[in-house]
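Here's the structure we're looking at; comments come further down.
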Amino acid sequence: MVSNTVRIISTQKIEQAAITPATCIRWVEESFRMKYESQLPAKVSVHPQSEDFFTSMPALLPERFGRFGIKIVSRIDSDIPALKSDILLYDSHNGHLLAVIDGDWITAMRTGAVAALAIKTLKRRGADTYSMMGLGNTARATALCLLADHPGEQVNFRLLRYKDQAEQFIERFSDYANAKFEIIDTIEEFVGGAQVIVSCVTAAFGKIFCPDDSLFQEGVLVVPVHTRGFQNCDLFFDKVYGDDTGHVCNFKYFDRFRQFDEFSHVLLGDNPGRENDRERILSYNIGLGLHDVLFASKLYDLLPADGGDTFTQQRESEKFWV
């Protein structure tokens, strides 16, 4: 028998590392740039009931990292919070399990960082106002990253009212002097006055949020983080970007996109991205296991190995053991 020590990395341990939103943006950009050096098998989802799901997201980092990981993300509507995830991180050279990592912080912050990076890369010149709907953890992470990406600059948020979420959102960012807020009461006003739309709504159940196409002004960027509610835009927006073709190729209107490419090609300089301030652009950032595994690998290296929770995994060392 051989044994190896497996680290247990909790959200509390991750938060103690004080990883900044600006660092999260750098890490997601790094992961996008290494996409074509990595191995990213397709996600696999199962649905125990209704809209609930468990999804497995494996990723093998480039050889220089020597790391493989898999994230299991679940959304169970009856639980609080509904969205949860765990990550297993392995040494890809010998197959040893290195760590079991709470994925909730990673999921929220990498998703917010991806949205912020897409906005930075694809918004029209001079856009400084961000219209946000679905004001939960993902929207908060996105706001943190947007504020970090504009130090010393005023960042304007237009929030679509839903219950008391907008007020709670404003309270969360009350200490940020450069954050300004406006609450919008109707979806028509929300869309019609938007330069950038960020939707973090998780359950639209097939609903189109704004069926009046004429309200989407020239130059608008729409980032539907969870892909819900903007399918009408697929038919008339000038360009659509996604983090992976496999994530969107089964969309109802995929074959009717005017132009499509993967976001990594924009960052690598193989696609021009936005070419003028009139283009309406959609950015479908569904999320890559690559982001999660790179974050997990970075945190594994940054956090001290001693002083945390561990367990010992014992494995057979003989070729024949039955």
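Letters for chains follow the order of the structure tokens (A, B, ...), residue numbers begin at 1 for each chain, and ligand numbers begin at 1 in the order shown.
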
Near-stretch 259-265 of chain A list (12 Å; only C-alpha atoms; drop same-chain fewer than 4 positions) as a ChimeraX atom specification:
/A:28-37,114-115,117-119,121-122,234-249,253-255,269-274,279-288

Which neighbours of A:Pro62 fall inside 8 Å, counting only C-alpha atoms, when residues of the same chain fewer than 2 positions from it are skipped, and could you give them as a list in words?
Met34, Glu37, Ser38, Gln39, Leu60, Arg64, Phe65, Gly66 and Arg67 of chain A

Output C-alpha atoms of each residue in that selection to a file, as a compact mmCIF listing (two decimals), in the first residue's frame.
# COMPACT_ATOMS: atom_id res chain seq x y z
CA MET A 34 -4.37 28.52 -23.02
CA GLU A 37 -3.27 23.90 -25.42
CA SER A 38 -5.63 22.21 -22.95
CA GLN A 39 -7.99 19.25 -23.12
CA LEU A 60 -6.55 18.93 -18.33
CA ARG A 64 3.71 22.56 -17.95
CA PHE A 65 1.13 22.68 -15.15
CA GLY A 66 0.92 18.95 -14.54
CA ARG A 67 -2.65 19.25 -13.30

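Residue nearest A:Phe68, chosen from A:Ser317, A:Thr5, A:Gln16, A:Ser297 and counting only C-alpha atoms: A:Ser297.
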
Please report the interatomic distance between atom CA of A:Thr227 and atom CA of A:Ala42 in Å with one decimal.
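Atom-to-atom, atom CA of A:Thr227 to atom CA of A:Ala42, that is 17.5 Å.
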
Between A:Asp213, A:Ile106, A:His96, A:Lys123, which residue has the minimum interatomic distance to A:Glu275, considering only C-alpha atoms?
A:Lys123
